[in-house]
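S.K.: After the structure tokens below, expect a handful of questions from me.
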Amino acid sequence: MPTAPAGSFRVDYIDAGSGPGVLLVPSTASGNRQWRALIEAGSDRFRFLAMNMFGYGETSPWPADQRQTLADQAALGLAVARLADGPVTIVGHSFGGSVATQMALELGNRVRGLALFEPNPFHLLRAAGDRAGYDEGRRIRDIVKRGGGAGDWMGVAEAFADYWVGDGAWAAMSEGRRQAFAAALAPNFHEWDTLYADEPDDDVVAFDLAQLRTLSCPVLVLRSGSPRPGIAAIDALLRRSLPEWQFGEVAAGGHMAPLARPDLVNPVLLEFLERVN
């Protein structure tokens with residue numbers, strides 16, 4: 001895959017199709033190949049630019065001695081967005097949804113639309129006083145930080161898979177799949193720093209609801225039919241606070257529906273892309 005400079009880093013990306021530019025931001029541990037089915041379905045109408053975040057593919061790893069922010073991740077996407085002719089639509093999944101949102105805020109009127117599947121900006125729940133939802137995300141964050149710091153990525157992967165993919169997901173994996181999944185999780189050690197601080201009273205430098213209200217482009221937020229409580233709390237907060245946004249639900253596939261059930265997710269995304277472009 002080609003790479004592009006992004007400050008002192010390099011970002012790799014898929015460039016496929018022709019038409020209005022669409023920037024795709026993957027979820028943790030998936031990489032930009034998670035969008036293959038969407039690219040195949042829409043490359044006759046859109047130019048897809050699917051980025052890899054820090055540590056995935058040929059994108060530079062994140063420096064171990066620095067704290068990562070959403071703006072750092074967004075800078076990678078902005079470098080890829082510059083390759084498009086004119087405004088872009090941004091699509092993001094899970095942590096990629098939080099990164100996509102930050103990108104949309106920074107691009108302003110250069111964004112035609114923003115589509116998110118179960119974004120995970122847990123930091124918004126803290127500001128809203130939802131400690132249960134906020135602490136649910138913190139529990140996974142702490143597992144990643146403790147286990148990853150000790151080198152126990154298999155233990156991290158088990159908890160991560162059962163939370164995000166679904167209960168029993170780890171037990172259902174082959175040993176080879178477990179090894180690959182654990183190896184793909186290393187960048188997540190730094191990704192949690194963008195949503196949670198090391199100390200409970202520290203502020204996280206990330207977008208807030210007031211900033212989200214400044215987005216002038218159409219926004220679509222999708223959730224699964226059975227989201228984790230913390231993700232459901234984020235969805236509910238966005239619905240209450242941003243009634244002008246569009247919201248929808250995908251009946252099957254859970255949090256990983258963009259990969260597990262692209263037959264359900266991709267038609268909705270393509271309809272949105274057609275509408276805003």
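So you can find residues: chains in the structure tokens are A, B, ... in the order shown, residues in each start at 1, and ligands are numbered from 1 in order.
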Find the residues around Ala132 (chain A) up to 9 Å (only C-alpha atoms counted), leave out those fewer than 4 positions away in its own chain, and share them as a list in words.
M.R.: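 Final neighbour list, sorted by chain and number: Leu125, Glu136, Gly137, Pro229 and Gly230 of chain A.
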S.K.: Since we have the selection now, will you write its residues out, keeping N, CA and C atoms, as a PDB file, in the first residue's frame?
M.R.:
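Once written, result-v9.pdb looks like this:
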```pdb
ATOM      1  N   LEU A 125     -19.047  10.824  28.458  1.00  0.00           N
ATOM      2  CA  LEU A 125     -19.906  10.348  29.544  1.00  0.00           C
ATOM      3  C   LEU A 125     -19.483  10.936  30.881  1.00  0.00           C
ATOM      4  N   GLU A 136     -17.169   1.834  32.752  1.00  0.00           N
ATOM      5  CA  GLU A 136     -17.152   0.598  31.963  1.00  0.00           C
ATOM      6  C   GLU A 136     -16.005   0.638  30.954  1.00  0.00           C
ATOM      7  N   GLY A 137     -15.885   1.749  30.257  1.00  0.00           N
ATOM      8  CA  GLY A 137     -14.772   1.901  29.335  1.00  0.00           C
ATOM      9  C   GLY A 137     -13.438   1.912  30.050  1.00  0.00           C
ATOM     10  N   PRO A 229     -23.379  -1.675  27.345  1.00  0.00           N
ATOM     11  CA  PRO A 229     -24.024  -0.558  28.046  1.00  0.00           C
ATOM     12  C   PRO A 229     -23.294   0.773  27.882  1.00  0.00           C
ATOM     13  N   GLY A 230     -21.961   0.764  27.914  1.00  0.00           N
ATOM     14  CA  GLY A 230     -21.238   2.015  27.754  1.00  0.00           C
ATOM     15  C   GLY A 230     -21.438   2.626  26.384  1.00  0.00           C
TER      16      GLY A 230
END
```
S.K.: I want to know what sits within 10 Å of Arg275 (chain A), based on only C-alpha atoms, with residues of the same chain fewer than 5 positions away left out; could you give that as a list in words?
M.R.: Arg112, Gly113, Pro218, Leu269 and Leu270 of chain A
S.K.: Mind writing the picked residues with C-alpha atoms as a short mmCIF file (atom, residue, chain, number, x, y, z; two decimals), in the first residue's frame?
M.R.:
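Once written, again.cif looks like this:
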```cif
data_model
loop_
_atom_site.label_atom_id
_atom_site.label_comp_id
_atom_site.auth_asym_id
_atom_site.auth_seq_id
_atom_site.Cartn_x
_atom_site.Cartn_y
_atom_site.Cartn_z
CA ARG A 112 -19.53 16.63 3.16
CA GLY A 113 -20.72 14.17 5.77
CA PRO A 218 -24.87 15.78 7.89
CA LEU A 269 -23.44 3.63 4.50
CA LEU A 270 -23.66 3.72 0.71
#
```
S.K.: Between CA of Val91 (chain A) and CA of Ala127 (chain A), what is the spacing in Å?
M.R.: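 Interatomic distance here is 25.0 Å.
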S.K.: If I take CA of Pro258 (chain A) and CA of Phe272 (chain A), how far is one from the other in Å, to one decimal?
M.R.: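 Distance between the two atoms: 14.9 Å.
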S.K.: Pick out the residues sitting within 7 Å of Met51 (chain A), and hand them over as a list in words; count only C-alpha atoms, and ignore anything fewer than 4 positions along from it in its own chain.
M.R.: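 Listing them by chain and then by number gives Asp12, Tyr13, Ile14, Leu24, Val25, Asn32 and Gly77 of chain A.
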S.K.: When you draw a straight line from CA of Thr3 (chain A) to CA of Asn52 (chain A), how long is it in Å?
M.R.: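 Interatomic distance here is 9.7 Å.
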S.K.: Here is a test: counting only C-alpha atoms, which residue of A:Arg223, A:Arg131, A:His123, A:Arg82 is nearest to Ser98 (chain A)?
M.R.: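 Among the listed residues, A:His123 lies closest to Ser98 (chain A).
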S.K.: So which one's closest to Val250 (chain A), A:Leu237, A:Leu264, A:Leu38, A:Ala81? Using only C-alpha atoms, please.
M.R.: A:Leu264
